[in-house]
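These notes are about the structure you will find just below.
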Amino acid sequence: MVVSHTNTNNNRPVVKSTNDHELIQNVLSGDLRSFDELVAQYQNRIYCFILKHVPFETAEDLAQDTFISVYENLAQFHRGSKFSTWIYGIAMNKVRNYLNRAPERRYKHDSAEFLLEKQSKETSPLERLEQTLQIKYLLDQLPSDLKETIVLVSLEGLSYEEVAEVMDIPIGTVRSKVFRARQILKNIALEQKP
Amino acid sequence: MVEERKVILTCDDITFLISRNIDGDLNRSETVQLYEHIATCVNCRDQMSQLSALESSMSDLRTHYQTFSPSPDFRQSIHKAISKKKKRNTFYDNFASFVQKLRNGLLFSGRFRPAFSIMGTVVVLCIGVLLWQKGTVEPPLSKERLIVYDIPLRTAEDRVGWNQQHTILPSQTIRLNIRESHSEPYFFKVSSLNPVGYSITHSQKVKRPQDFQLNGVQYITLKNPQLYDFVNIRNHGTSPIHLKTFSHSPQAIQAIFK
């Protein structure tokens, strides 16, 4: 698979899944190295996606569980579907299961120090960093279904069609969820503005 | 994409279009309508700039997250976990494949067919004879559930609401059939004024009666009683044994003397 950060009109990364199906076929024939390749290609995306929903110390475990489930259920993957959408769906279920097991986990967030520590290696100005932390905080205030949708659209760069497939909901619902999420985010941001 | 349509849109509709426009979801006609409206409506223009600012922050957050990656041994851990699971599943796979063959009739085809037919008939007959002899179907019991323990005579007068009382005469056997399952244990209390030997056979260990020496009072606990469980108590001594039973209802235990 070729991962290219091609700039579309939305300036979002686009992932070309040219030989995913070939790799999947190899894995199904018993080639574990091909699976390793699949993991290598998707590990960062899936890990970061999970990290947007759960605390740092849990994200890696859930990402591993996701790939193990991918391996176990690969035979059920339909060739007509997009592999990235399918794997996002599995990761989403892992996140939901984790959060549903103990509802208070929804309100446990990574400390600002953790995010700051990572960011301090970058050269972005402090104001920008504060803004980043602020938007992370705002996202965590959203109802879970709206957060899931806006994360997939705005942070993962999936199209509405892809999100509809991942979440197994109609595309019209995706549109309205994204709209509602943005309205809530905007309103909270305006309220908090001094 | 939503099909093209020419309708007059309200500011609320336009706000919705602004959101969709950010994600590149508008068709040409909708884009034209959006920008025509924006050109004349200050409120919607504000909305657009606010949502654009929000999206710009989201873009920063996206960039921020791209700096994270799992630990270097991430792939190795997955490899290990999969290998471990594979080993564990091999046995089950083989068993499943055997069952599948069985279901497909592969094992019962060809020249071995008559042999398998005869074997099958014999097995069915044996099971039938066993059931006929026992009269009941006994569930397999996994853990030891029958416990016998001595109670000092002084504390034996307890407050248990005993359901049934029986006397087992010398050389007599009483069979206690469990007729109702329950999550709580059932209790049996055996007592005798003189030292007396007795044996207990219960459905968990049909072929292995356990011998006990009664010298006062003993309690027998049957944990997790199940329908079709039974407990046989045989008096080997020369004095009668007094038996009391406790179950959640008097009908839960059926006593039969042999």
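Chain lettering (A, B, ...) mirrors the order of the structure tokens, residue numbering begins at 1 for each chain separately, and ligand numbering begins at 1 in order of display.
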Quick one: residues within 9 Å of range 37-43 of chain B, only C-alpha atoms, excluding same-chain residues fewer than 5 positions away - as an MDAnalysis selection string?
chainID B and resid 9 11 14 32 48
Neighbours of Val166 in chain A within 6 Å (only C-alpha atoms; same-chain residues fewer than 2 positions away dropped), as a list in words?
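Here the qualifying residues turn out to be Thr85, Gly89, Val163, Ala164 and Asp168 of chain A.
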Those residues with C-alpha atoms, as a PDB file, in the first residue's frame please?
ATOM      1  CA  THR A  85     -12.737   1.333   6.489  1.00  0.00           C
ATOM      2  CA  GLY A  89     -14.718  -0.290  12.171  1.00  0.00           C
ATOM      3  CA  VAL A 163     -17.726   7.076   7.895  1.00  0.00           C
ATOM      4  CA  ALA A 164     -21.198   5.749   7.101  1.00  0.00           C
ATOM      5  CA  ASP A 168     -22.896   1.410   9.857  1.00  0.00           C
TER       6      ASP A 168
END
Write down, as an MDAnalysis selection string, each residue of chain B that has any atom within 10 Å of an atom of chain A, counting only C-alpha atoms.
chainID B and resid 1:2 15:25 47 50:51 53:71 74:79 81:83 85:86
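Note that CA of Val148 in chain B and CA of Arg208 in chain B are 14.9 Å apart.
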Hey, what's within 8 Å of His166 in chain B if we count only C-alpha atoms and toss same-chain stuff fewer than 5 positions away? As a list of chain:residue names, please?
B:His242, B:Leu243, B:Lys244
Take the residues just selected and output them with N, CA and C atoms as a PDB file, in the first residue's frame.
ATOM      1  N   HIS B 242     -30.608 -41.761  62.671  1.00  0.00           N
ATOM      2  CA  HIS B 242     -31.679 -40.786  62.457  1.00  0.00           C
ATOM      3  C   HIS B 242     -31.210 -39.778  61.409  1.00  0.00           C
ATOM      4  N   LEU B 243     -32.070 -39.566  60.431  1.00  0.00           N
ATOM      5  CA  LEU B 243     -31.692 -38.675  59.323  1.00  0.00           C
ATOM      6  C   LEU B 243     -32.673 -37.514  59.239  1.00  0.00           C
ATOM      7  N   LYS B 244     -32.148 -36.313  59.078  1.00  0.00           N
ATOM      8  CA  LYS B 244     -32.991 -35.143  58.832  1.00  0.00           C
ATOM      9  C   LYS B 244     -32.500 -34.501  57.552  1.00  0.00           C
TER      10      LYS B 244
END
At a cut-off of 9 Å, using only C-alpha atoms, what residues contact His53 in chain A? Leave out same-chain residues fewer than 4 positions from it and give the result as a PyMOL selection string.
chain A and resi 49+59+95+99+106+109+140+147-148+151
Would you export the selected residues with N, CA and C atoms as a JSON list (two decimals), in the first residue's frame, please?
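Written out: result-v9.json:
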[["chain", "number", "residue", "atom", "x", "y", "z"],
["A", 49, "PHE", "N", -5.79, 6.95, 16.04],
["A", 49, "PHE", "CA", -7.26, 7.02, 16.07],
["A", 49, "PHE", "C", -7.78, 6.61, 17.46],
["A", 59, "ALA", "N", -4.25, 2.94, 24.90],
["A", 59, "ALA", "CA", -4.36, 2.99, 23.43],
["A", 59, "ALA", "C", -3.59, 1.87, 22.75],
["A", 95, "VAL", "N", -12.82, 0.41, 20.92],
["A", 95, "VAL", "CA", -12.93, 1.62, 21.74],
["A", 95, "VAL", "C", -14.27, 1.64, 22.48],
["A", 99, "LEU", "N", -14.89, 1.57, 26.49],
["A", 99, "LEU", "CA", -15.58, 2.67, 27.18],
["A", 99, "LEU", "C", -16.88, 2.19, 27.83],
["A", 106, "ARG", "N", -15.02, 7.36, 30.03],
["A", 106, "ARG", "CA", -15.28, 8.41, 29.04],
["A", 106, "ARG", "C", -14.76, 9.75, 29.51],
["A", 109, "HIS", "N", -9.24, 11.60, 30.90],
["A", 109, "HIS", "CA", -8.52, 12.09, 29.74],
["A", 109, "HIS", "C", -7.03, 12.13, 30.01],
["A", 140, "ASP", "N", -13.65, 16.27, 23.87],
["A", 140, "ASP", "CA", -14.01, 15.36, 24.95],
["A", 140, "ASP", "C", -15.36, 15.72, 25.59],
["A", 147, "LYS", "N", -18.71, 12.64, 18.87],
["A", 147, "LYS", "CA", -17.24, 12.67, 18.91],
["A", 147, "LYS", "C", -16.67, 11.66, 17.91],
["A", 148, "GLU", "N", -17.26, 10.44, 17.92],
["A", 148, "GLU", "CA", -16.78, 9.41, 17.00],
["A", 148, "GLU", "C", -16.85, 9.91, 15.55],
["A", 151, "VAL", "N", -14.41, 12.92, 14.79],
["A", 151, "VAL", "CA", -13.01, 12.44, 14.77],
["A", 151, "VAL", "C", -12.72, 11.75, 13.45]]
In Å, how far is it from CA of Tyr42 in chain A to CA of Glu162 in chain A?
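According to the coordinates, CA of Tyr42 in chain A and CA of Glu162 in chain A are separated by 16.3 Å.
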Extract, using only C-alpha atoms, all DNA, RNA and protein residues at most 6 Å from Pro240 in chain B, discarding same-chain residues fewer than 6 positions from it, and format them as a PyMOL selection string.
chain B and resi 168-170
Please provide as number ranges by chain all residues within 10 Å of Lys205 in chain B, with the sequence filter that same-chain residues fewer than 3 positions apart are discarded (counting only C-alpha atoms).
B: 141, 144, 146, 200-202, 208-210, 231
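Nearest to Gly216 in chain B of all the residues B:Asp73, B:Pro185, B:Lys87, B:Asn194 is B:Asn194, based on only C-alpha atoms.
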Using only C-alpha atoms, find the one residue out of B:Val129, B:His248, B:Thr31, B:Ile233 that sits nearest to Ser183 in chain B.
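Selected residue with least distance to Ser183 in chain B: B:His248.
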